[in-house]
Amino acid sequence: MVTATAPGKAILFGEHAVVYGEPAVAVAINARVSVTLEQCDGDWQIDGYPLDSGRHPHLISLKNALLGGNSQSYSVFVESELFPAAGLGSSAALSSAGCAAMLSLSGMPIDSEQIATLSHLAEADAQSGRASPIDTSTSTLGGCVLVSNKKEELAEWRYTRNLKTPEGERTWEVHSVSLPKSASEVWLVVGNTGIHAPTSEMVAGVAELLASNPSKKEDIARMGEVARLGVDALSKGNYPQVGALMNEAHRLLSSVGVSCSELDDMVEVARRTSFGAKLTGAGGGGCMLALTQNPAETAAALEMRGCRVLVTPLGASGVAIENQ
């Protein structure tokens, strides 16, 4: 038996803009997905049910890549501390933890770059060949991650990811952002609207807006500038500046139509006790996050609005084997 865990993620800067070649910045959050594999007789199972390619494409892809189609059968048990379908990278965390567990069983080294690569490919298999590596890289590496279409001087370059998509080959450069010791003094408060808005629909909506109103491309370019400024401010521990940039990022995301009244209300409430706040992820619902030194106060204000809340340090540890 082996158990592996991996964290979810929250995007600080660059959601949607990353689709158009701009950088994006994400942090691992202190809410994890746990995957346990235990030998069993008969066919593979997950939480007592047959492992099915239609419902569990990530794990099927990893099983075939790492253990082969005729491997020993295992029962898979999954536990999650993440809000489901809320843009916090639950499927990426499942893929990263599942990959680490299967690597452990196969006797291969637990290599973070290999886990990130195989997890990304599993995500792409599950998403018709399309997937950014930001979720799986953040879940695997932990901490703070910068993904760009070029090597950035603001962060430590880790590896290049290539993917053949239906639209052609894509390339991303993955970096780790060093956070100062003062990062332990600030927190992220994540609030969930409880509204599910499919990422594909939100991405398609932005594409339609840019096609009909090309001037909005200036907002996309500014999102990239904000992401780079955000990395610089994070690295220096300038949290008031990070918060101000988060506020601007929310304004820009609203301008391309991916916010909603519930997100705007939660962001406004959270800003009263934080450095700054914004939506995180695809938008249309899902979650927002605030950077604060007063997490209890910020969380309480959001809970008073009926929100489910998660409080996390700024950057959690990455994928890990918990027992074997």
# chains A, B, ... in the order shown; residues from 1 in each chain; ligands from 1
>>> residues_around(residues="Pro133 in chain A", least_positions_apart="4", cutoff="12 Å", atoms="only C-alpha atoms", output="ChimeraX atom specification")
/A:18-19,23-26,89,92,95-96,113,115-124,137-141,145-149,159-163,170-175
>>> select_by_dssp(residues="range 225-324 of chain A", states="alpha helix (DSSP H)", output="VMD selection string")
chain A and resid 225 to 236 239 to 255 261 to 271 295 to 303
>>> closest_residue(among="A:Leu66, A:Leu229, A:Ala282, A:Thr273", to="Ala204 in chain A", atoms="only C-alpha atoms")
A:Ala282
>>> closest_residue(among="A:Ser112, A:Ser274, A:Thr312, A:Thr36", to="Gln241 in chain A", atoms="only C-alpha atoms")
A:Ser274
>>> closest_residue(among="A:Met1, A:Leu289, A:Leu314, A:Met223", to="Leu179 in chain A", atoms="only C-alpha atoms")
A:Leu314
>>> atom_distance(atom1="CA of Leu234 in chain A", atom2="CA of Ser178 in chain A")
8.3 Å
>>> atom_distance(atom1="CA of Ala100 in chain A", atom2="CA of Gly8 in chain A")
15.2 Å
>>> residues_around(residues="Val231 in chain A", least_positions_apart="5", cutoff="9 Å", atoms="only C-alpha atoms", output="ChimeraX atom specification")
/A:25,146,154-155,177,226,236,242
>>> write_last_selection(atoms="C-alpha atoms", output="CSV table (one decimal), in the first residue's frame")
chain,number,residue,atom,x,y,z
A,25,VAL,CA,1.5,33.0,-11.4
A,146,LEU,CA,5.4,31.1,-12.8
A,154,LEU,CA,12.3,37.2,-12.4
A,155,ALA,CA,12.2,33.5,-11.3
A,177,VAL,CA,9.3,31.9,-7.5
A,226,VAL,CA,0.7,42.8,-13.9
A,236,LYS,CA,10.7,41.4,-2.4
A,242,VAL,CA,1.0,42.5,-4.4
>>> residues_around(residues="range 75-78 of chain A", least_positions_apart="6", cutoff="8 Å", atoms="only C-alpha atoms", output="list in words")
Val33, Ser34, Val35, Thr36, Leu37, Glu38, Gln39, Cys40, Trp44, Gln45, Ile46, Asp47 and Gly48 of chain A
>>> closest_residue(among="A:Pro313, A:Pro84, A:Gly283, A:Gly69", to="Thr199 in chain A", atoms="only C-alpha atoms")
A:Gly283
>>> closest_atom_pairs(of="range 53-160 of chain A", to="range 188-192 of chain A", cutoff="12 Å", atoms="only C-alpha atoms", output="JSON lines")
{"residue": "A:Leu82", "atom": "CA", "partner": "A:Asn192", "partner_atom": "CA", "distance": 10.6}
{"residue": "A:Phe83", "atom": "CA", "partner": "A:Asn192", "partner_atom": "CA", "distance": 7.7}
{"residue": "A:Pro84", "atom": "CA", "partner": "A:Asn192", "partner_atom": "CA", "distance": 10.0}
{"residue": "A:Ala85", "atom": "CA", "partner": "A:Asn192", "partner_atom": "CA", "distance": 10.3}
{"residue": "A:Ala86", "atom": "CA", "partner": "A:Asn192", "partner_atom": "CA", "distance": 7.1}
{"residue": "A:Gly87", "atom": "CA", "partner": "A:Asn192", "partner_atom": "CA", "distance": 9.6}
{"residue": "A:Leu88", "atom": "CA", "partner": "A:Val190", "partner_atom": "CA", "distance": 9.6}
>>> select_by_dssp(residues="range 179-311 of chain A", states="strand (DSSP E)", output="list in words")
Trp187, Leu188, Val189, Val190, Gly191, Asn192, Gly276, Ala277, Lys278, Leu279, Thr280, Cys287, Met288, Leu289, Ala290, Leu291, Thr292, Arg308, Val309, Leu310 and Val311 of chain A
>>> residues_around(residues="Leu291 in chain A", least_positions_apart="6", cutoff="8 Å", atoms="only C-alpha atoms", output="list in words")
Val186, Trp187, Leu188, Val189, Tyr239, Gly243, Ser274, Phe275, Gly276 and Ala277 of chain A
>>> write_last_selection(atoms="N, CA and C atoms", output="JSON list (two decimals), in the first residue's frame")
[["chain", "number", "residue", "atom", "x", "y", "z"],
["A", 186, "VAL", "N", 1.91, 36.35, 6.08],
["A", 186, "VAL", "CA", 0.69, 36.68, 5.34],
["A", 186, "VAL", "C", -0.03, 35.40, 4.95],
["A", 187, "TRP", "N", -1.31, 35.56, 4.65],
["A", 187, "TRP", "CA", -2.18, 34.41, 4.38],
["A", 187, "TRP", "C", -3.05, 34.70, 3.17],
["A", 188, "LEU", "N", -3.49, 33.62, 2.55],
["A", 188, "LEU", "CA", -4.53, 33.73, 1.53],
["A", 188, "LEU", "C", -5.84, 33.21, 2.11],
["A", 189, "VAL", "N", -6.88, 33.98, 1.94],
["A", 189, "VAL", "CA", -8.22, 33.53, 2.31],
["A", 189, "VAL", "C", -9.00, 33.31, 1.02],
["A", 239, "TYR", "N", 4.01, 43.22, 0.14],
["A", 239, "TYR", "CA", 2.65, 42.70, 0.08],
["A", 239, "TYR", "C", 1.58, 43.76, -0.20],
["A", 243, "GLY", "N", -1.03, 43.23, -3.20],
["A", 243, "GLY", "CA", -2.46, 43.42, -3.06],
["A", 243, "GLY", "C", -3.02, 44.42, -4.07],
["A", 274, "SER", "N", -7.84, 43.35, 3.98],
["A", 274, "SER", "CA", -6.73, 42.67, 3.30],
["A", 274, "SER", "C", -5.95, 43.65, 2.45],
["A", 275, "PHE", "N", -4.80, 43.18, 1.95],
["A", 275, "PHE", "CA", -4.00, 44.00, 1.04],
["A", 275, "PHE", "C", -4.69, 44.14, -0.32],
["A", 276, "GLY", "N", -5.41, 43.10, -0.73],
["A", 276, "GLY", "CA", -6.08, 43.11, -2.02],
["A", 276, "GLY", "C", -6.79, 41.80, -2.24],
["A", 277, "ALA", "N", -7.71, 41.78, -3.20],
["A", 277, "ALA", "CA", -8.49, 40.57, -3.47],
["A", 277, "ALA", "C", -8.89, 40.53, -4.93]]
>>> atom_distance(atom1="CA of Pro240 in chain A", atom2="CA of Gly281 in chain A")
21.8 Å
>>> residues_around(residues="Asp43 in chain A", least_positions_apart="6", cutoff="9 Å", atoms="only C-alpha atoms", output="PyMOL selection string")
chain A and resi 50-51+72-75
>>> write_last_selection(atoms="C-alpha atoms", output="PDB file, in the first residue's frame")
ATOM      1  CA  PRO A  50     -14.772  -0.001 -11.105  1.00  0.00           C
ATOM      2  CA  LEU A  51     -12.091   2.332 -12.467  1.00  0.00           C
ATOM      3  CA  GLN A  72      -1.354  -5.949 -10.711  1.00  0.00           C
ATOM      4  CA  SER A  73      -4.801  -4.586  -9.788  1.00  0.00           C
ATOM      5  CA  TYR A  74      -5.195  -1.951  -7.093  1.00  0.00           C
ATOM      6  CA  SER A  75      -7.978  -0.324  -5.156  1.00  0.00           C
TER       7      SER A  75
END
>>> closest_residue(among="A:Cys307, A:Glu22, A:Asp41, A:Ala183", to="Thr292 in chain A", atoms="only C-alpha atoms")
A:Ala183
>>> closest_residue(among="A:Lys150, A:Lys164, A:Lys9, A:Arg55", to="Glu81 in chain A", atoms="only C-alpha atoms")
A:Lys9
